[in-house]
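Undergrad: Enclosed is the structure file final.txt (compact mmCIF, C-alpha atoms).
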# COMPACT_ATOMS: atom_id res chain seq x y z
CA MET A 1 -1.17 -31.78 11.50
CA ILE A 2 0.47 -28.38 12.05
CA ALA A 3 -0.32 -25.85 9.34
CA ILE A 4 2.68 -24.21 7.68
CA LEU A 5 2.10 -20.47 7.41
CA LYS A 6 3.47 -18.50 4.49
CA THR A 7 5.46 -15.29 4.80
CA GLY A 8 3.49 -12.05 4.67
CA LYS A 9 -0.04 -11.16 5.70
CA LEU A 10 -2.21 -13.89 7.17
CA GLU A 11 -5.00 -15.16 4.95
CA TRP A 12 -8.22 -13.33 5.81
CA THR A 13 -10.02 -16.58 6.63
CA LEU A 14 -7.46 -17.24 9.38
CA MET A 15 -7.45 -13.60 10.47
CA SER A 16 -11.24 -13.65 10.84
CA ARG A 17 -10.94 -16.74 13.02
CA LEU A 18 -8.33 -15.08 15.23
CA LEU A 19 -10.40 -11.90 15.64
CA GLN A 20 -13.08 -13.86 17.46
CA TYR A 21 -10.71 -14.06 20.42
CA ILE A 22 -10.47 -10.28 20.88
CA ILE A 23 -12.98 -7.49 21.41
CA SER A 24 -13.28 -5.38 18.26
CA GLU A 25 -16.77 -3.89 18.40
CA ASP A 26 -17.92 -0.62 19.95
CA ILE A 27 -20.86 1.69 19.35
CA ASP A 28 -18.54 4.44 18.10
CA VAL A 29 -16.47 2.20 15.80
CA LEU A 30 -17.86 2.70 12.30
CA VAL A 31 -15.15 0.61 10.62
CA GLY A 32 -13.07 -1.89 12.56
CA PRO A 33 -11.04 -4.91 11.39
CA ALA A 34 -12.22 -5.82 7.88
CA GLN A 35 -10.52 -7.14 4.79
CA GLY A 36 -9.46 -4.40 2.45
CA GLU A 37 -10.37 -1.51 4.74
CA ASP A 38 -7.32 0.69 5.09
CA ALA A 39 -7.98 2.29 8.46
CA ALA A 40 -10.36 2.23 11.41
CA VAL A 41 -13.01 4.95 11.56
CA ILE A 42 -14.14 6.03 15.03
CA ARG A 43 -16.90 8.55 15.76
CA VAL A 44 -15.57 11.39 17.93
CA ARG A 45 -18.00 14.20 18.81
CA ASP A 46 -18.89 15.94 15.54
CA GLY A 47 -16.30 14.16 13.43
CA PHE A 48 -14.30 11.02 12.79
CA LEU A 49 -10.89 9.80 13.96
CA VAL A 50 -9.21 7.69 11.29
CA ILE A 51 -6.34 5.53 12.53
CA HIS A 52 -4.14 2.81 11.06
CA SER A 53 -1.00 0.76 11.87
CA ASP A 54 1.39 -0.77 9.36
CA PRO A 55 4.76 -2.55 9.74
CA ILE A 56 7.78 -2.34 7.46
CA THR A 57 9.16 -5.88 7.34
CA ALA A 58 10.39 -6.35 3.78
CA SER A 59 13.13 -3.71 3.57
CA VAL A 60 16.08 -2.33 5.52
CA LYS A 61 17.36 0.87 3.93
CA HIS A 62 15.25 3.97 4.60
CA ILE A 63 12.67 2.09 6.69
CA GLY A 64 11.97 5.26 8.70
CA TYR A 65 10.99 7.10 5.54
CA LEU A 66 8.92 4.19 4.26
CA ALA A 67 7.13 3.70 7.58
CA VAL A 68 5.82 7.27 7.71
CA HIS A 69 4.58 7.37 4.13
CA VAL A 70 3.10 3.86 4.02
CA ALA A 71 1.01 4.52 7.15
CA ALA A 72 0.12 8.05 6.01
CA ASN A 73 -1.13 6.75 2.67
CA ASP A 74 -3.68 4.52 4.37
CA ILE A 75 -5.15 7.53 6.14
CA ALA A 76 -5.15 9.65 2.98
CA VAL A 77 -7.11 7.09 0.94
CA ARG A 78 -9.91 7.61 3.45
CA GLY A 79 -9.98 11.19 2.17
CA VAL A 80 -8.40 12.39 5.44
CA ARG A 81 -5.12 14.24 6.02
CA PRO A 82 -2.70 12.21 8.20
CA ARG A 83 -1.40 14.28 11.12
CA TRP A 84 -0.22 12.19 14.08
CA PHE A 85 2.29 9.32 14.13
CA LEU A 86 3.48 6.76 16.68
CA PRO A 87 6.45 4.58 15.61
CA VAL A 88 7.44 1.34 17.33
CA LEU A 89 11.03 0.59 16.37
CA LEU A 90 12.77 -2.72 17.17
CA ILE A 91 16.52 -2.58 16.61
CA PRO A 92 18.96 -5.50 16.29
CA PRO A 93 21.82 -5.55 18.84
CA HIS A 94 24.53 -5.04 16.21
CA TYR A 95 23.14 -1.63 15.17
CA SER A 96 25.20 1.44 16.08
CA VAL A 97 23.95 4.78 17.34
CA ASN A 98 24.63 6.19 13.86
CA ASP A 99 22.46 3.47 12.31
CA ILE A 100 19.60 4.33 14.67
CA GLU A 101 20.00 8.05 14.03
CA ALA A 102 19.72 7.40 10.29
CA ILE A 103 16.28 5.82 10.81
CA PHE A 104 15.09 8.80 12.83
CA LYS A 105 16.45 11.25 10.25
CA ASP A 106 14.54 9.39 7.55
CA MET A 107 11.35 9.61 9.61
CA ASN A 108 11.92 13.35 10.03
CA LYS A 109 12.35 13.84 6.28
CA ALA A 110 9.07 12.04 5.53
CA LEU A 111 7.14 13.82 8.29
CA ARG A 112 8.21 17.21 6.96
CA GLU A 113 7.01 16.28 3.48
CA ILE A 114 3.44 15.73 4.72
CA SER A 115 3.39 18.09 7.76
CA GLY A 116 3.03 15.21 10.22
CA VAL A 117 4.18 15.02 13.85
CA VAL A 118 5.24 12.16 16.10
CA VAL A 119 3.15 12.08 19.30
CA GLY A 120 4.55 8.94 20.94
CA GLY A 121 5.89 5.48 20.23
CA HIS A 122 8.54 3.06 21.47
CA THR A 123 12.15 2.18 20.60
CA GLU A 124 14.19 -0.75 21.94
CA ILE A 125 17.16 -2.98 21.22
CA THR A 126 15.67 -6.43 20.59
CA PRO A 127 17.71 -9.67 20.87
CA GLY A 128 17.44 -12.11 17.98
CA LEU A 129 16.76 -9.60 15.21
CA GLU A 130 18.90 -9.63 12.07
CA ARG A 131 17.41 -6.42 10.67
CA PRO A 132 15.38 -3.54 12.14
CA LEU A 133 11.58 -3.69 12.20
CA ILE A 134 9.27 -0.72 12.49
CA SER A 135 5.50 -0.51 12.93
CA MET A 136 3.93 2.89 12.43
CA THR A 137 0.54 4.09 13.62
CA ALA A 138 -0.91 7.11 11.82
CA ALA A 139 -4.07 9.07 12.56
CA GLY A 140 -6.10 11.94 11.20
CA TYR A 141 -9.38 13.68 11.96
CA THR A 142 -12.17 14.97 9.76
CA THR A 143 -15.70 16.35 9.98
CA SER A 144 -16.31 15.56 6.30
CA ARG A 145 -16.87 12.43 4.22
CA VAL A 146 -14.78 9.34 4.96
CA ILE A 147 -14.11 7.02 2.02
CA PHE A 148 -14.61 3.29 2.56
CA THR A 149 -12.98 0.50 0.56
CA ARG A 150 -16.34 -1.30 0.53
CA ASP A 151 -18.08 1.37 -1.55
CA ALA A 152 -17.14 0.31 -5.09
CA GLN A 153 -20.30 0.34 -7.21
CA GLU A 154 -21.33 -1.69 -10.24
CA GLY A 155 -20.41 0.25 -13.38
CA ASP A 156 -17.46 2.05 -11.75
CA LEU A 157 -14.33 2.44 -13.83
CA LEU A 158 -11.12 1.00 -12.35
CA TYR A 159 -8.16 3.41 -12.36
CA ILE A 160 -4.50 2.81 -11.61
CA ILE A 161 -2.78 6.05 -10.66
CA GLY A 162 1.00 6.31 -10.29
CA ARG A 163 3.95 3.94 -10.75
CA VAL A 164 3.24 0.20 -10.58
CA GLY A 165 5.86 -1.72 -8.57
CA GLY A 166 7.98 1.35 -7.93
CA GLU A 167 8.33 0.86 -4.19
CA GLY A 168 9.34 -2.78 -4.63
CA ALA A 169 11.87 -1.94 -7.33
CA GLY A 170 13.33 0.72 -5.05
CA VAL A 171 13.58 -1.63 -2.08
CA ILE A 172 15.26 -4.26 -4.26
CA ALA A 173 17.71 -1.67 -5.61
CA TRP A 174 18.70 -0.61 -2.08
CA ASP A 175 18.71 -3.98 -0.31
CA PHE A 176 19.78 -6.32 -3.13
CA GLU A 177 22.10 -4.08 -5.12
CA GLN A 178 24.89 -6.66 -5.40
CA LEU A 179 22.46 -9.32 -6.62
CA LEU A 180 21.17 -6.97 -9.33
CA ALA A 181 24.70 -6.08 -10.43
CA SER A 182 25.65 -9.76 -10.58
CA ARG A 183 22.73 -10.31 -12.94
CA GLY A 184 23.77 -7.60 -15.34
CA VAL A 185 21.59 -4.68 -14.23
CA SER A 186 23.41 -1.44 -14.98
CA GLU A 187 24.46 1.03 -12.31
CA SER A 188 22.26 3.72 -13.89
CA ILE A 189 19.15 1.51 -13.68
CA ILE A 190 19.88 0.65 -10.04
CA ARG A 191 20.45 4.32 -9.20
CA ALA A 192 17.18 5.33 -10.88
CA ALA A 193 15.25 2.59 -9.07
CA LYS A 194 16.65 3.73 -5.72
CA ASN A 195 15.02 7.11 -6.26
CA PHE A 196 11.58 5.45 -6.48
CA ILE A 197 11.71 5.02 -2.69
CA PHE A 198 11.30 8.78 -2.38
CA ASP A 199 8.18 8.89 -4.54
CA ILE A 200 5.78 6.72 -2.53
CA SER A 201 3.42 9.25 -0.98
CA VAL A 202 -0.16 9.39 -2.26
CA VAL A 203 -1.31 11.94 0.32
CA ASN A 204 -1.60 14.95 -1.95
CA THR A 205 -3.11 12.97 -4.86
CA ALA A 206 -5.65 11.18 -2.66
CA LEU A 207 -6.82 14.40 -1.03
CA GLU A 208 -7.17 16.13 -4.40
CA ILE A 209 -9.31 13.38 -5.96
CA ARG A 210 -11.38 12.36 -2.92
CA ASP A 211 -14.54 14.07 -4.21
CA PHE A 212 -14.53 12.05 -7.45
CA VAL A 213 -13.96 8.47 -6.25
CA ASN A 214 -16.28 5.89 -4.75
CA THR A 215 -13.30 4.13 -3.22
CA MET A 216 -9.51 4.19 -3.42
CA HIS A 217 -6.79 1.93 -2.08
CA ASP A 218 -3.03 2.31 -1.73
CA ALA A 219 -1.24 -0.60 -3.37
CA THR A 220 1.17 -1.86 -0.73
CA GLU A 221 1.91 -5.51 0.10
CA GLY A 222 0.84 -7.78 -2.74
CA GLY A 223 0.98 -4.92 -5.23
CA ILE A 224 -1.81 -3.62 -7.39
CA LEU A 225 -3.45 -7.01 -7.85
CA GLN A 226 -3.87 -7.46 -4.09
CA ALA A 227 -5.20 -3.89 -3.81
CA ILE A 228 -7.79 -4.65 -6.50
CA ARG A 229 -8.71 -7.90 -4.77
CA GLU A 230 -9.22 -6.12 -1.46
CA ILE A 231 -11.58 -3.60 -3.08
CA ALA A 232 -13.52 -6.46 -4.69
CA VAL A 233 -13.81 -8.43 -1.45
CA ALA A 234 -14.63 -5.43 0.75
CA SER A 235 -17.31 -4.27 -1.72
CA ASN A 236 -18.61 -7.79 -2.46
CA LYS A 237 -18.28 -7.09 -6.18
CA ALA A 238 -16.41 -8.59 -9.12
CA ILE A 239 -13.72 -6.56 -10.85
CA THR A 240 -12.44 -7.16 -14.37
CA VAL A 241 -8.91 -6.12 -15.27
CA ASN A 242 -7.41 -5.77 -18.75
CA LEU A 243 -3.74 -6.61 -18.20
CA GLU A 244 -2.60 -5.08 -21.48
CA LYS A 245 -3.78 -1.67 -20.23
CA ILE A 246 -1.54 -1.75 -17.15
CA PHE A 247 1.66 0.20 -17.79
CA VAL A 248 4.85 -0.89 -16.03
CA ASP A 249 7.81 1.36 -16.71
CA THR A 250 11.08 0.09 -18.13
CA ILE A 251 13.11 0.45 -14.93
CA VAL A 252 10.61 -1.51 -12.84
CA ASN A 253 10.44 -4.19 -15.54
CA THR A 254 14.23 -4.47 -15.71
CA ILE A 255 14.58 -4.84 -11.93
CA SER A 256 11.68 -7.31 -11.74
CA GLU A 257 12.95 -9.51 -14.56
CA ALA A 258 16.45 -9.60 -13.09
CA VAL A 259 15.23 -11.14 -9.83
CA ASN A 260 12.24 -13.03 -11.30
CA VAL A 261 9.38 -11.21 -9.56
CA ASP A 262 6.01 -10.09 -10.91
CA PRO A 263 5.71 -6.26 -10.73
CA LEU A 264 1.90 -6.54 -10.49
CA LYS A 265 2.35 -8.44 -7.20
CA LEU A 266 5.15 -6.24 -5.87
CA LEU A 267 5.14 -3.52 -3.20
CA SER A 268 3.61 -0.46 -4.87
CA SER A 269 3.19 2.32 -2.30
CA GLY A 270 2.78 5.53 -4.27
CA CYS A 271 0.33 3.81 -6.63
CA LEU A 272 -3.40 4.25 -6.11
CA VAL A 273 -6.18 1.93 -7.23
CA ALA A 274 -9.53 3.76 -7.41
CA THR A 275 -13.06 3.08 -8.63
CA VAL A 276 -14.89 6.01 -10.15
CA SER A 277 -18.40 6.55 -11.46
CA PRO A 278 -18.30 7.37 -15.21
CA ARG A 279 -20.04 10.70 -14.46
CA TYR A 280 -16.92 11.90 -12.63
CA ARG A 281 -14.45 10.69 -15.22
CA SER A 282 -13.68 14.10 -16.69
CA GLU A 283 -13.22 15.80 -13.31
CA LEU A 284 -10.92 13.04 -12.09
CA GLU A 285 -8.77 12.96 -15.20
CA ASN A 286 -8.49 16.76 -15.37
CA THR A 287 -7.33 16.79 -11.75
CA LEU A 288 -4.76 14.05 -12.35
CA GLU A 289 -3.42 15.82 -15.42
CA ASN A 290 -3.06 19.05 -13.45
CA LEU A 291 -1.14 17.07 -10.81
CA ARG A 292 0.94 15.50 -13.60
CA LYS A 293 0.08 12.04 -12.28
CA PRO A 294 0.13 9.15 -14.77
CA TYR A 295 -3.06 7.10 -14.83
CA SER A 296 -4.87 4.47 -16.85
CA VAL A 297 -8.35 2.96 -16.93
CA VAL A 298 -7.77 -0.79 -16.69
CA GLY A 299 -11.15 -2.34 -15.94
CA ASP A 300 -14.52 -1.98 -14.28
CA VAL A 301 -16.70 -3.15 -11.40
CA LYS A 302 -19.45 -5.73 -11.92
CA SER A 303 -21.84 -7.82 -9.88
CA GLY A 304 -20.05 -10.59 -8.04
CA LYS A 305 -18.73 -11.95 -4.75
CA GLY A 306 -15.19 -10.61 -4.47
CA GLU A 307 -13.62 -12.15 -7.55
CA VAL A 308 -11.00 -10.47 -9.75
CA TYR A 309 -10.96 -11.54 -13.41
CA LEU A 310 -7.74 -10.95 -15.33
CA PHE A 311 -7.99 -10.63 -19.11
CA ARG A 312 -5.31 -10.36 -21.78
CA ASN A 313 -6.32 -9.63 -25.38
CA SER A 314 -9.96 -10.24 -24.40
CA GLN A 315 -9.14 -13.74 -23.13
CA LEU A 316 -9.64 -14.69 -19.46
CA VAL A 317 -6.23 -15.76 -18.11
CA GLU A 318 -6.76 -15.94 -14.35
CA ILE A 319 -9.35 -15.58 -11.60
CA ILE A 320 -7.94 -14.22 -8.33
CA ASN A 321 -9.90 -15.48 -5.34
CA ARG A 322 -7.12 -15.75 -2.75
CA ASP A 323 -4.85 -13.18 -1.13
CA ILE A 324 -1.54 -12.57 -2.88
CA ILE A 325 1.82 -13.00 -1.17
CA ASP A 326 4.10 -10.14 -2.11
CA GLU A 327 6.83 -11.15 -4.54
CA ILE A 328 9.55 -9.42 -2.53
CA TYR A 329 9.45 -12.17 0.11
CA LYS A 330 10.99 -14.50 -2.46
CA LEU A 331 14.22 -12.53 -2.11
CA TRP A 332 14.27 -12.50 1.69
CA SER A 333 13.62 -16.24 1.83
Let me see whether you can do it: turn the structure in this file into structure tokens.
TA:
Amino acid sequence: MIAILKTGKLEWTLMSRLLQYIISEDIDVLVGPAQGEDAAVIRVRDGFLVIHSDPITASVKHIGYLAVHVAANDIAVRGVRPRWFLPVLLIPPHYSVNDIEAIFKDMNKALREISGVVVGGHTEITPGLERPLISMTAAGYTTSRVIFTRDAQEGDLLYIIGRVGGEGAGVIAWDFEQLLASRGVSESIIRAAKNFIFDISVVNTALEIRDFVNTMHDATEGGILQAIREIAVASNKAITVNLEKIFVDTIVNTISEAVNVDPLKLLSSGCLVATVSPRYRSELENTLENLRKPYSVVGDVKSGKGEVYLFRNSQLVEIINRDIIDEIYKLWS
């Protein structure tokens, strides 16, 4: 029987099986392929090279902008400033020169916002594509502490920092505008959601709070619930989540309800999930308030084996023990 694979990331059980066919170990590789770990960590002389690749496959408009920030975020949550970028851009044959230029202009805008530079990459016209695809590699270097996803500790508080589902709502507003309008979503809501695309960087926030967290994770594909699951699995801990403490703003809710997607399982770049020892609570919250970043404490870390327990009004409503497929793929299918 041939297994039918679902859209999105491969299940980690399958990915682990596939990794046995390739070489992924080296004496200088401190962190290689591992579930939940945002970026590789490689020992280089007196410091560490942190490097990560991420594709943009679930959006069309402003993919150059998204690609830079999504990859940069995964370096920043290591506590490292992203500096160097290598885009691989595959372009459908029907795209014009102006269309391609727009992607590069978007990349330039994002790079300037975080002081990054492109140091290589690849661009080609690719037969068979209906929409452009871009995979971005980002890298940074540090001689200081590197934060690992696996370092959540029992007793840590679970924080959500930033807008839940904002990236997904923005992508839907840009790429499915006519569908939203046909379902009664107002022009002002769509316009506001489009602006969320330009608020997806966590670089500054992550670098400001790196001294107060045990671990932090950018909520990308699968949304905040997948980010929480990846911390739980990487750390081999259980995490409890109080759903009523998670704030989803009105615009994200309106967009999500219109197309029947769950904002907690929706692209959320720009939103950080972090675990923090209670002794650093005041320092973290003071820093976030100075940055004017919204945050909430939604749960805590307990002994376990990678489970995520979802509670509502003190009642257990779900146990997450499998990877989450991002809700946005429902629209592309």
Undergrad: May I ask which of the residues A:Leu284, A:Leu86, A:Ile324, A:Ala181 is the closest one to Asp211 of chain A, counting only C-alpha atoms?
TA: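 Nearest candidate to Asp211 of chain A out of A:Leu284, A:Leu86, A:Ile324, A:Ala181: A:Leu284.
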Undergrad: Can you tell me how far atom CA of Ile231 of chain A sits from atom CA of Asp326 of chain A, in Å to one decimal?
TA: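 Taking atom CA of Ile231 of chain A and atom CA of Asp326 of chain A, their separation equals 17.0 Å.
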Undergrad: With all atoms listed in the file as the basis for distance, which of A:Ile251, A:Gln153, A:Arg279, A:Gly223 is at the shortest distance from Gly304 of chain A?
TA: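 Of all the options, A:Gln153 lies closest to Gly304 of chain A.
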Undergrad: Would you work out the distance separating atom CA of Ile239 of chain A from atom CA of Cys271 of chain A, expressed in Å to one decimal?
TA: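 Atom CA of Ile239 of chain A sits 18.0 Å away from atom CA of Cys271 of chain A.
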Undergrad: For Phe198 of chain A, please output as JSON, numbers by chain all residues within 9 Å (counting all atoms listed in the file; exclusion window: fewer than 4 positions along the same chain).
TA: {"A": [65, 66, 110, 167, 170, 194]}
Undergrad: Find, counting all atoms listed in the file, the residue in A:Ile172, A:Val317, A:Leu89, A:Ile103 that gets nearest to Gly121 of chain A.
TA: A:Leu89
Undergrad: Do you have the atom CA of Gly299 of chain A-atom CA of Asp323 of chain A distance handy?
TA: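 Between these atoms lies a distance of 19.4 Å.
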Undergrad: Select all residues near (-15.5, 15.6, 4.9) (cut-off 9 Å, inclusive, file coordinates), counting all atoms listed in the file, and output them as a list in words.
TA: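 Within 9 Å of (-15.5, 15.6, 4.9), the protein and nucleic acid residues are Gly47, Gly79, Val80, Thr142, Thr143, Ser144, Arg145 and Val146 of chain A.
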Undergrad: Would you mind listing what lies within 6 Å of segment 67-76 of chain A as a list in words, with only C-alpha atoms counted and same-chain residues fewer than 3 positions away left out?
TA: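 Contacts, with the query itself left out: Asp38, Asp54, Ile63, Gly64, Gly79, Val80, Arg81, Pro82, Met136, Ala138, Ser201, Val202, Val203 and Ala206 of chain A.
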Undergrad: Would you please work out which residue, of A:Phe104, A:Tyr95, A:Phe196, A:Tyr141, is nearest to Leu129 of chain A when using only C-alpha atoms?
TA: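 Checking each of A:Phe104, A:Tyr95, A:Phe196, A:Tyr141 against Leu129 of chain A, counting only C-alpha atoms, the winner is A:Tyr95.
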